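Novice: Just one file: upload07.tsv, with TSV, C-alpha atoms and all ligand atoms.
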```tsv
chain	number	residue	atom	x	y	z
A	67	MET	CA	89.91	82.82	140.17
A	68	SER	CA	91.93	82.34	143.36
A	69	VAL	CA	90.80	83.70	146.73
A	70	PRO	CA	93.44	84.48	149.35
A	71	LEU	CA	92.97	83.48	152.98
A	72	PHE	CA	94.34	86.86	153.97
A	73	ASP	CA	95.63	89.83	152.00
A	74	LEU	CA	97.13	92.81	153.80
A	75	SER	CA	97.46	94.77	150.57
A	76	ARG	CA	93.69	95.22	150.50
A	77	LEU	CA	93.62	97.48	153.54
A	78	GLY	CA	94.00	100.36	151.12
A	79	THR	CA	96.29	103.24	150.29
A	80	GLN	CA	95.13	105.42	153.19
A	81	VAL	CA	96.38	102.80	155.64
A	82	ASP	CA	99.56	102.16	153.67
A	83	GLU	CA	100.35	105.86	153.72
A	84	ALA	CA	99.68	106.20	157.46
A	85	VAL	CA	101.93	103.21	158.17
A	86	ARG	CA	104.71	104.50	155.94
A	87	GLU	CA	104.57	107.92	157.57
A	88	ALA	CA	104.75	106.36	161.05
A	89	ALA	CA	107.72	104.19	160.16
A	90	LEU	CA	109.55	107.10	158.52
A	91	ARG	CA	108.90	109.24	161.59
A	92	VAL	CA	110.77	106.72	163.77
A	93	LEU	CA	113.58	106.41	161.24
A	94	ALA	CA	113.86	110.22	161.34
A	95	HIS	CA	113.88	110.66	165.14
A	96	ARG	CA	115.91	107.48	165.66
A	97	GLY	CA	114.31	106.71	169.01
A	98	TYR	CA	114.24	103.02	168.22
A	99	VAL	CA	113.91	101.50	171.68
A	100	LEU	CA	110.97	102.28	174.01
A	101	GLY	CA	110.60	106.06	174.55
A	102	ALA	CA	107.86	108.49	173.55
A	103	GLU	CA	106.48	106.47	170.62
A	104	VAL	CA	105.88	103.43	172.83
A	105	GLU	CA	104.43	105.49	175.67
A	106	ALA	CA	102.05	107.23	173.26
A	107	PHE	CA	100.91	103.88	171.87
A	108	GLU	CA	100.35	102.50	175.37
A	109	SER	CA	98.20	105.44	176.39
A	110	GLU	CA	96.26	105.49	173.09
A	111	LEU	CA	95.54	101.80	173.55
A	112	THR	CA	94.25	102.18	177.12
A	113	ALA	CA	92.09	105.10	175.96
A	114	TYR	CA	90.69	102.86	173.22
A	115	LEU	CA	90.00	100.06	175.70
A	116	GLY	CA	88.56	102.40	178.30
A	117	GLY	CA	90.98	101.68	181.15
A	118	GLY	CA	93.77	99.51	182.47
A	119	HIS	CA	97.52	99.80	182.00
A	120	ALA	CA	99.31	98.78	178.82
A	121	VAL	CA	102.94	97.70	178.56
A	122	GLY	CA	104.18	97.24	174.99
A	123	ILE	CA	106.02	93.95	174.51
A	124	SER	CA	107.94	92.31	171.68
A	125	SER	CA	105.19	89.77	170.86
A	126	GLY	CA	102.02	88.29	172.30
A	127	THR	CA	103.96	85.24	173.43
A	128	ASP	CA	106.54	87.38	175.21
A	129	ALA	CA	103.74	89.38	176.82
A	130	GLN	CA	102.35	86.22	178.35
A	131	LEU	CA	105.79	85.09	179.49
A	132	ALA	CA	106.48	88.52	181.00
A	133	LEU	CA	103.15	88.39	182.84
A	134	LEU	CA	103.84	84.93	184.25
A	135	MET	CA	107.34	86.05	185.31
A	136	ALA	CA	105.95	89.23	186.89
A	137	MET	CA	103.50	87.09	188.88
A	138	GLY	CA	106.38	84.91	190.02
A	139	ILE	CA	104.89	81.77	188.50
A	140	GLY	CA	107.35	78.91	188.18
A	141	SER	CA	108.39	75.59	189.57
A	142	GLY	CA	105.96	74.34	192.22
A	143	ASP	CA	103.01	76.08	190.52
A	144	ALA	CA	100.33	74.83	188.14
A	145	VAL	CA	98.36	76.82	185.54
A	146	ILE	CA	95.10	75.73	183.92
A	147	SER	CA	94.31	76.33	180.24
A	148	THR	CA	92.71	74.61	177.24
A	149	PRO	CA	94.33	72.31	174.65
A	150	TYR	CA	92.58	73.62	171.52
A	151	THR	CA	94.50	76.79	170.75
A	152	PHE	CA	97.73	78.24	169.45
A	153	PHE	CA	100.83	76.83	171.11
A	154	ALA	CA	101.97	80.02	172.87
A	155	THR	CA	99.83	79.73	175.99
A	156	ALA	CA	100.98	76.29	177.05
A	157	GLY	CA	104.50	76.95	175.76
A	158	CYS	CA	104.90	79.93	178.11
A	159	ILE	CA	103.54	78.02	181.10
A	160	HIS	CA	106.04	75.23	180.40
A	161	ARG	CA	108.92	77.70	180.04
A	162	THR	CA	108.34	79.15	183.52
A	163	GLY	CA	108.76	75.65	184.98
A	164	ALA	CA	105.09	75.52	186.05
A	165	GLU	CA	102.86	72.51	185.40
A	166	ILE	CA	100.19	72.74	182.67
A	167	LEU	CA	96.76	71.41	183.54
A	168	PHE	CA	94.21	71.21	180.73
A	169	CYS	CA	90.44	71.36	180.85
A	170	ASP	CA	88.27	70.84	177.78
A	171	ILE	CA	86.47	73.36	175.60
A	172	ASP	CA	82.81	73.94	174.90
A	173	PRO	CA	82.34	72.31	171.46
A	174	ALA	CA	79.97	75.07	170.33
A	175	THR	CA	82.33	77.96	171.03
A	176	PHE	CA	85.81	76.29	170.87
A	177	MET	CA	86.67	77.94	174.21
A	178	MET	CA	87.10	77.03	177.87
A	179	ASP	CA	84.03	75.30	179.23
A	180	PRO	CA	83.24	76.41	182.79
A	181	VAL	CA	81.72	72.97	183.43
A	182	SER	CA	85.01	71.22	182.50
A	183	LEU	CA	86.88	73.79	184.58
A	184	ARG	CA	84.71	73.01	187.60
A	185	THR	CA	85.12	69.25	187.05
A	186	LEU	CA	88.89	69.66	186.99
A	187	LEU	CA	89.04	71.89	190.05
A	188	SER	CA	86.66	69.73	192.03
A	189	SER	CA	88.88	66.69	191.37
A	190	LEU	CA	91.86	68.38	193.09
A	191	GLN	CA	92.79	68.23	196.77
A	192	ARG	CA	93.41	71.04	199.23
A	193	ASP	CA	96.32	70.93	201.67
A	194	ALA	CA	95.77	71.24	205.39
A	195	ASP	CA	96.68	74.92	204.90
A	196	GLY	CA	93.92	75.27	202.29
A	197	VAL	CA	96.16	75.45	199.18
A	198	LEU	CA	94.63	73.74	196.14
A	199	ARG	CA	97.16	71.37	194.58
A	200	SER	CA	97.47	69.37	191.38
A	201	PRO	CA	97.94	65.58	191.55
A	202	LYS	CA	101.68	66.34	191.22
A	203	ARG	CA	101.39	68.53	194.34
A	204	ASN	CA	101.88	71.82	192.52
A	205	ARG	CA	99.98	74.85	193.73
A	206	ILE	CA	97.12	75.95	191.42
A	207	ARG	CA	97.96	79.58	190.71
A	208	LEU	CA	96.16	80.71	187.59
A	209	ILE	CA	93.48	80.00	185.00
A	210	VAL	CA	94.15	81.15	181.40
A	211	PRO	CA	90.98	81.18	179.28
A	212	ILE	CA	91.64	81.94	175.61
A	213	HIS	CA	89.29	84.07	173.55
A	214	LEU	CA	89.40	82.38	170.16
A	215	PHE	CA	88.47	83.63	166.71
A	216	GLY	CA	86.80	86.90	167.72
A	217	THR	CA	84.28	86.40	170.47
A	218	CYS	CA	84.77	86.05	174.20
A	219	CYS	CA	84.83	83.01	176.43
A	220	ASP	CA	82.01	82.55	178.90
A	221	MET	CA	83.86	84.86	181.26
A	222	ASP	CA	81.03	85.16	183.79
A	223	GLY	CA	80.88	81.37	184.05
A	224	ILE	CA	84.67	81.00	184.26
A	225	ALA	CA	85.02	83.87	186.76
A	226	ALA	CA	82.33	82.34	189.00
A	227	VAL	CA	84.18	79.00	189.14
A	228	ALA	CA	87.55	80.75	189.60
A	229	ALA	CA	86.17	82.85	192.48
A	230	GLU	CA	84.69	79.79	194.15
A	231	TYR	CA	88.15	78.20	194.21
A	232	GLY	CA	90.05	81.45	194.86
A	233	ILE	CA	92.14	81.25	191.66
A	234	GLU	CA	93.14	84.28	189.61
A	235	ILE	CA	92.48	84.60	185.86
A	236	LEU	CA	94.81	85.80	183.09
A	237	GLU	CA	92.93	86.43	179.84
A	238	ASP	CA	94.54	85.36	176.59
A	239	ALA	CA	93.16	88.22	174.50
A	240	ALA	CA	95.73	87.68	171.72
A	241	GLN	CA	93.08	87.52	168.99
A	242	ILE	CA	90.38	89.77	170.26
A	243	LEU	CA	91.27	93.44	170.48
A	244	GLY	CA	88.11	95.51	170.13
A	245	ALA	CA	85.57	92.90	171.20
A	246	LYS	CA	83.09	93.62	173.97
A	247	TYR	CA	81.57	91.20	176.46
A	248	PRO	CA	78.09	91.51	177.98
A	249	SER	CA	79.00	90.52	181.52
A	250	LYS	CA	76.36	90.35	184.24
A	251	ASP	CA	78.04	93.46	185.69
A	252	GLY	CA	77.76	95.43	182.45
A	253	VAL	CA	79.63	95.68	179.17
A	254	LYS	CA	83.37	94.98	179.40
A	255	SER	CA	86.25	95.26	176.93
A	256	ALA	CA	88.05	92.03	176.11
A	257	GLY	CA	91.46	92.33	177.71
A	258	LEU	CA	90.15	94.17	180.78
A	259	MET	CA	88.00	91.43	182.26
A	260	ALA	CA	90.69	89.92	184.49
A	261	PRO	CA	93.57	91.43	186.50
A	262	THR	CA	95.96	90.64	183.64
A	263	SER	CA	95.77	89.85	179.95
A	264	TYR	CA	97.66	90.21	176.72
A	265	VAL	CA	97.12	90.95	173.04
A	266	SER	CA	99.13	89.92	169.98
A	267	PHE	CA	99.81	92.28	167.09
A	268	TYR	CA	101.14	89.59	164.75
A	269	PRO	CA	100.56	91.00	161.23
A	270	SER	CA	97.48	88.84	160.54
A	271	LYS	CA	95.70	89.94	163.73
A	272	ASN	CA	92.79	92.42	163.39
A	273	LEU	CA	95.28	95.08	164.50
A	274	GLY	CA	98.58	93.89	163.08
A	275	ALA	CA	102.05	95.40	163.34
A	276	ALA	CA	104.69	95.36	160.60
A	277	GLY	CA	106.33	92.39	162.28
A	278	ASP	CA	106.06	90.90	165.75
A	279	ALA	CA	104.60	92.93	168.60
A	280	GLY	CA	102.28	92.53	171.56
A	281	VAL	CA	101.06	94.19	174.72
A	282	ALA	CA	100.56	93.10	178.31
A	283	LEU	CA	97.50	94.61	179.96
A	284	CYS	CA	96.73	94.87	183.65
A	285	LEU	CA	94.35	96.63	185.98
A	286	ASP	CA	96.87	97.35	188.72
A	287	ALA	CA	99.52	100.10	188.51
A	288	ASP	CA	102.06	98.11	190.59
A	289	MET	CA	101.77	95.19	188.18
A	290	ALA	CA	102.36	97.59	185.27
A	291	ASP	CA	105.56	98.80	186.98
A	292	LYS	CA	106.68	95.20	187.46
A	293	LEU	CA	105.98	94.44	183.80
A	294	ARG	CA	108.02	97.45	182.70
A	295	ARG	CA	110.95	96.08	184.68
A	296	VAL	CA	110.47	92.50	183.46
A	297	ARG	CA	110.38	93.60	179.80
A	298	ASN	CA	113.75	95.29	180.26
A	299	HIS	CA	115.89	92.67	182.03
A	300	GLY	CA	114.42	93.49	185.43
A	301	MET	CA	116.04	96.95	185.38
A	302	GLU	CA	114.65	100.20	186.68
A	303	GLN	CA	117.96	101.98	186.87
A	304	ARG	CA	120.29	101.01	184.05
A	305	TYR	CA	122.45	97.97	184.92
A	306	TYR	CA	120.82	97.50	188.34
A	307	HIS	CA	118.60	94.42	188.15
A	308	LYS	CA	115.86	94.14	190.76
A	309	VAL	CA	114.47	90.93	189.30
A	310	VAL	CA	115.32	88.61	186.44
A	311	GLY	CA	113.47	89.71	183.30
A	312	GLY	CA	114.18	89.50	179.61
A	313	ASN	CA	114.44	91.61	176.48
A	314	PHE	CA	110.70	91.80	175.88
A	315	ARG	CA	110.73	95.39	174.57
A	316	ILE	CA	108.43	96.39	171.74
A	317	ASP	CA	110.22	98.16	168.87
A	318	ALA	CA	109.36	101.86	168.66
A	319	ILE	CA	108.76	101.39	164.92
A	320	GLN	CA	106.07	98.79	165.71
A	321	ALA	CA	104.47	101.09	168.29
A	322	ALA	CA	104.35	103.85	165.67
A	323	VAL	CA	102.80	101.54	163.07
A	324	LEU	CA	100.20	100.39	165.59
A	325	ARG	CA	99.39	103.99	166.49
A	326	ALA	CA	98.79	104.66	162.80
A	327	LYS	CA	96.51	101.63	162.42
A	328	LEU	CA	94.55	101.76	165.69
A	329	PRO	CA	92.05	104.40	164.44
A	330	PHE	CA	91.05	101.99	161.65
A	331	LEU	CA	90.44	98.99	163.90
A	332	ASP	CA	86.73	99.45	164.65
A	333	GLY	CA	86.01	99.91	160.93
A	334	TRP	CA	87.91	96.74	160.04
A	335	ASN	CA	86.11	94.81	162.78
A	336	ALA	CA	82.77	96.04	161.38
A	337	THR	CA	83.80	94.88	157.89
A	338	ARG	CA	84.73	91.46	159.23
A	339	ARG	CA	81.28	91.28	160.86
A	340	SER	CA	79.51	92.20	157.64
A	341	ASN	CA	81.60	89.60	155.77
A	342	ALA	CA	80.39	87.05	158.34
A	343	ALA	CA	76.80	88.11	157.63
A	344	ILE	CA	77.39	87.57	153.90
A	345	TYR	CA	78.69	84.05	154.60
A	346	ARG	CA	75.70	83.32	156.84
A	347	GLU	CA	73.30	84.28	154.07
A	348	ALA	CA	75.23	82.41	151.40
A	349	PHE	CA	75.48	79.21	153.48
A	350	ASN	CA	71.80	79.48	154.26
A	351	ALA	CA	70.90	79.84	150.59
A	352	SER	CA	73.19	76.98	149.59
A	353	GLY	CA	71.32	74.42	151.70
A	354	LEU	CA	74.56	73.38	153.40
A	355	LEU	CA	73.56	74.02	156.98
A	356	ASP	CA	72.86	70.33	157.60
A	357	ARG	CA	76.53	69.57	156.84
A	358	VAL	CA	78.36	72.73	157.87
A	359	HIS	CA	78.28	74.35	161.33
A	360	LEU	CA	78.75	78.09	161.11
A	361	PRO	CA	80.62	79.96	163.85
A	362	SER	CA	78.49	80.41	166.94
A	363	GLU	CA	77.67	83.90	168.16
A	364	PRO	CA	77.00	83.28	171.85
A	365	PHE	CA	76.46	86.99	172.60
A	366	HIS	CA	74.43	87.91	169.54
A	367	GLU	CA	71.34	88.54	171.66
A	368	SER	CA	73.20	91.14	173.73
A	369	GLY	CA	72.75	93.62	170.88
A	370	LEU	CA	76.37	94.72	171.38
A	371	ARG	CA	77.94	95.81	168.12
A	372	ASP	CA	81.34	94.31	168.88
A	373	HIS	CA	80.23	91.06	170.51
A	374	HIS	CA	82.17	89.30	167.70
A	375	ILE	CA	85.05	90.77	165.72
A	376	TYR	CA	85.62	87.73	163.49
A	377	HIS	CA	89.37	87.43	163.75
A	378	GLN	CA	88.80	84.13	161.99
A	379	TYR	CA	85.70	82.67	160.36
A	380	VAL	CA	85.88	79.06	161.49
A	381	ILE	CA	83.29	76.58	160.30
A	382	ARG	CA	83.02	72.98	161.43
A	383	LEU	CA	82.32	70.09	159.12
A	384	PRO	CA	82.91	66.37	159.55
A	385	LYS	CA	84.24	66.08	155.97
A	386	ARG	CA	86.78	68.83	156.62
A	387	ASP	CA	89.84	67.21	155.04
A	388	ALA	CA	88.09	66.42	151.75
A	389	VAL	CA	86.65	69.95	151.54
A	390	MET	CA	90.02	71.46	152.34
A	391	ALA	CA	91.70	69.46	149.58
A	392	TYR	CA	89.02	70.60	147.12
A	393	LEU	CA	89.42	74.27	148.12
A	394	ALA	CA	93.20	73.99	147.76
A	395	ASP	CA	92.64	72.58	144.29
A	396	GLN	CA	90.43	75.56	143.45
A	397	LYS	CA	93.11	77.92	144.86
A	398	ILE	CA	90.82	79.08	147.63
A	399	GLY	CA	92.69	79.96	150.79
A	400	CYS	CA	91.70	78.17	153.97
A	401	ALA	CA	93.52	76.89	157.04
A	402	ILE	CA	93.18	74.64	160.05
A	403	TYR	CA	93.39	76.43	163.35
A	404	TYR	CA	94.55	74.13	165.06
A	405	PRO	CA	95.25	70.64	163.71
A	406	VAL	CA	96.81	69.02	166.80
A	407	PRO	CA	95.47	69.83	170.27
A	408	LEU	CA	98.20	70.72	172.71
A	409	HIS	CA	97.80	67.66	174.95
A	410	LEU	CA	98.76	65.50	171.93
A	411	GLN	CA	101.78	67.58	170.85
A	412	GLU	CA	105.06	65.70	170.90
A	413	CYS	CA	106.74	68.24	173.18
A	414	PHE	CA	104.06	67.71	175.83
A	415	ALA	CA	104.19	63.90	175.73
A	416	TYR	CA	105.73	64.09	179.22
A	417	LEU	CA	102.31	65.20	180.54
A	418	GLY	CA	101.11	61.66	179.83
A	419	HIS	CA	97.92	62.49	177.94
A	420	LYS	CA	96.39	60.30	175.25
A	421	ALA	CA	93.79	60.65	172.48
A	422	GLY	CA	90.34	60.76	174.04
A	423	ASP	CA	91.38	62.78	177.11
A	424	PHE	CA	89.83	66.03	175.81
A	425	PRO	CA	87.23	64.94	173.25
A	426	ALA	CA	85.78	68.37	172.42
A	427	SER	CA	89.26	69.76	171.69
A	428	GLU	CA	90.11	66.74	169.55
A	429	GLN	CA	86.87	67.03	167.60
A	430	ALA	CA	87.49	70.74	167.00
A	431	ALA	CA	90.99	69.94	165.72
A	432	ASN	CA	89.52	67.37	163.32
A	433	GLU	CA	86.58	69.39	162.02
A	434	SER	CA	87.43	73.08	162.04
A	435	LEU	CA	88.26	75.05	158.93
A	436	ALA	CA	89.00	78.78	158.69
A	437	LEU	CA	87.74	80.60	155.60
A	438	PRO	CA	88.82	84.04	154.29
A	439	ILE	CA	87.19	86.88	156.30
A	440	PHE	CA	89.71	89.75	156.06
A	441	PRO	CA	88.66	93.36	155.36
A	442	GLY	CA	88.84	93.87	151.62
A	443	LEU	CA	87.48	90.41	150.78
A	444	ARG	CA	84.86	90.86	148.06
A	445	PRO	CA	81.29	89.48	148.24
A	446	ASP	CA	81.79	87.66	144.93
A	447	GLU	CA	84.84	85.92	146.42
A	448	GLN	CA	82.76	84.83	149.40
A	449	GLN	CA	80.10	83.42	147.05
A	450	GLN	CA	82.89	81.56	145.27
A	451	VAL	CA	84.11	80.07	148.58
A	452	VAL	CA	80.62	78.85	149.50
A	453	ALA	CA	79.97	77.52	145.98
A	454	ALA	CA	83.23	75.56	146.11
A	455	ILE	CA	82.32	74.04	149.49
A	456	LYS	CA	78.96	73.02	148.02
A	457	GLN	CA	80.66	71.40	145.04
A	458	ALA	CA	82.97	69.53	147.39
A	459	LEU	CA	80.10	68.25	149.54
A	460	ASP	CA	77.44	67.51	146.87
B	501	LIG	C1	95.46	82.56	171.04
B	501	LIG	C2	96.84	83.09	170.83
B	501	LIG	N1	97.65	83.17	171.90
B	501	LIG	C3	98.90	83.66	171.77
B	501	LIG	C4	99.40	84.09	170.57
B	501	LIG	C5	100.82	84.54	170.49
B	501	LIG	O1	101.01	85.80	169.95
B	501	LIG	P1	102.31	86.16	169.08
B	501	LIG	O2	102.22	85.45	167.79
B	501	LIG	O3	102.22	87.65	168.95
B	501	LIG	O4	103.50	85.76	169.86
B	501	LIG	C6	98.59	84.04	169.45
B	501	LIG	C7	99.07	84.54	168.14
B	501	LIG	O5	99.19	83.96	167.17
B	501	LIG	C8	97.28	83.52	169.58
B	501	LIG	O6	96.47	83.42	168.52
```
Since I need it in another form, could you write the structure as structure tokens?
Specialist:
Amino acid sequence: MSVPLFDLSRLGTQVDEAVREAALRVLAHRGYVLGAEVEAFESELTAYLGGGHAVGISSGTDAQLALLMAMGIGSGDAVISTPYTFFATAGCIHRTGAEILFCDIDPATFMMDPVSLRTLLSSLQRDADGVLRSPKRNRIRLIVPIHLFGTCCDMDGIAAVAAEYGIEILEDAAQILGAKYPSKDGVKSAGLMAPTSYVSFYPSKNLGAAGDAGVALCLDADMADKLRRVRNHGMEQRYYHKVVGGNFRIDAIQAAVLRAKLPFLDGWNATRRSNAAIYREAFNASGLLDRVHLPSEPFHESGLRDHHIYHQYVIRLPKRDAVMAYLADQKIGCAIYYPVPLHLQECFAYLGHKAGDFPASEQAANESLALPIFPGLRPDEQQQVVAAIKQALD
């Protein structure tokens, strides 16, 4: 029996009906571009998050690009991020004309390691005027930590290093809507832990649109105004362009679909968490824990319900490729997020990196494997996944 990696049809008829109704509503009122539907989504999202400003954007990638443009980041600037992630983050930095500087990840969590961040920053020089510069003399403007797979980066650790060096943070919260972080200053919502951040609503995300969509989030009202201009060609008044922006507008139909699905999000996240608990038990019982590393839960002890929302269930195993081939043979869905770290991507060869530069990222790319975790996955399917991994490894 095959097991899909992801199956949207299992969200159920109640969701399907709500989505259909939302889409039909937009088709009936024909307000296709921005307008009331988008504004309602933005305010429902900030209410869900418990603060901030939300600006609906055409995709997560465009949200990051719009944020970088609104901050005026470009040629002469440098932005720090990690190489083990989806391409969008580094791609957007490159597209602004800024330099990309990488620091390595923590091998246990797959995310930015504050120790590597500090090592990188401490290797850089300050100008006579106190500006921290990259070896290519670009000004260090921003740090972009990426919350991967459903739990948060060590934001307290990263924020402490960033504050020491006076550098601002932009959170890549593309994968993590609904997660909470037990900061030393109290519980925070992912996406509201830095002045700016963004979320993706790609259909396979925990909250997915019916196509591409995203949102830029910020804590400051002036930044939200800037973002609204940048998403609409830099216009406030039609055909008068204050700044250069782009067409980064979210479709009203996507905003309506997201409004319909948002009330279900916490329930789906809880289901993903209970699926993770089923895997944990099954891997434990299978005797595989000497050969398979389960996802870490760095904030488990916090007692917070949403410390992990399991966007992906990513295990690590040295024999990854053989196991993956076996699972494919058994028609069990699985995927590698992400097979080639960004510093080794062909398009970034100009940065001059080589294999060995970011060992934890390279190891994660070689050993990680995502298993099905979506809401609607059945316990017997999970047992089948674990049994197949055991067969492959025994
Ligand atoms: C970590 C990360 N950053 C950025 C993005 C880009 O979002 P989108 O696909 O909506 O452009 C994604 C989505 O896949 C992501 O997972």
Novice: Go ahead and compute the interatomic distance for atom CA of A:Ala156 and atom CA of A:Ile402, in Å to one decimal.
Specialist: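 According to the coordinates, atom CA of A:Ala156 and atom CA of A:Ile402 are separated by 18.8 Å.
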Novice: What's around stretch 357-374 of chain A at 6 Å? Count only C-alpha atoms, leave out sequence neighbours fewer than 4 positions away in its own chain, and write the answer as a PDB file with C-alpha atoms, in the coordinates of the input.
Specialist:
```
ATOM      1  CA  GLY A 216      86.800  86.900 167.720  1.00  0.00           C
ATOM      2  CA  THR A 217      84.280  86.400 170.470  1.00  0.00           C
ATOM      3  CA  ALA A 245      85.570  92.900 171.200  1.00  0.00           C
ATOM      4  CA  LYS A 246      83.090  93.620 173.970  1.00  0.00           C
ATOM      5  CA  VAL A 380      85.880  79.060 161.490  1.00  0.00           C
ATOM      6  CA  ILE A 381      83.290  76.580 160.300  1.00  0.00           C
ATOM      7  CA  ARG A 382      83.020  72.980 161.430  1.00  0.00           C
ATOM      8  CA  LEU A 383      82.320  70.090 159.120  1.00  0.00           C
TER       9      LEU A 383
END
```
Novice: Smallest atom-to-atom distance to A:Ser352: which of A:Ile123, A:Leu324, A:Ala279, A:Ala454, using only C-alpha atoms?
Specialist: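 Smallest separation from A:Ser352 among the options: A:Ala454.
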Novice: Which of these, A:Ala436, A:Leu355, A:Ile316, A:Ala129, has the shortest distance to A:Ser266 once you count only C-alpha atoms?
Specialist: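 For A:Ser266, the nearest of the given residues is A:Ala129.
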Novice: I'd like to know which of A:His299, A:Arg346, A:Arg96, A:Lys271 is closest to ligand LIG 501 (chain B), using all atoms listed in the file.
Specialist: A:Lys271
Novice: Report the distance between atom CA of A:Phe424 and atom CA of A:Asp170 in Å, rounded to one decimal place.
Specialist: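 Calculated distance between atom CA of A:Phe424 and atom CA of A:Asp170 is 5.4 Å.
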Novice: Show me which residues line ligand LIG 501 (chain B), defined as having an atom within 7 Å of a ligand atom where all atoms listed in the file count, and present them as a VMD selection string.
Specialist: chain A and resid 125 to 128 151 to 152 154 to 155 212 to 214 238 240 to 241 266 to 268 278 to 280
Novice: May I ask for the distance between atom CA of A:Gln191 and atom CA of A:Arg203, given in Å to one decimal place?
Specialist: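 Spanning atom CA of A:Gln191 to atom CA of A:Arg203 is a straight-line distance of 8.9 Å.
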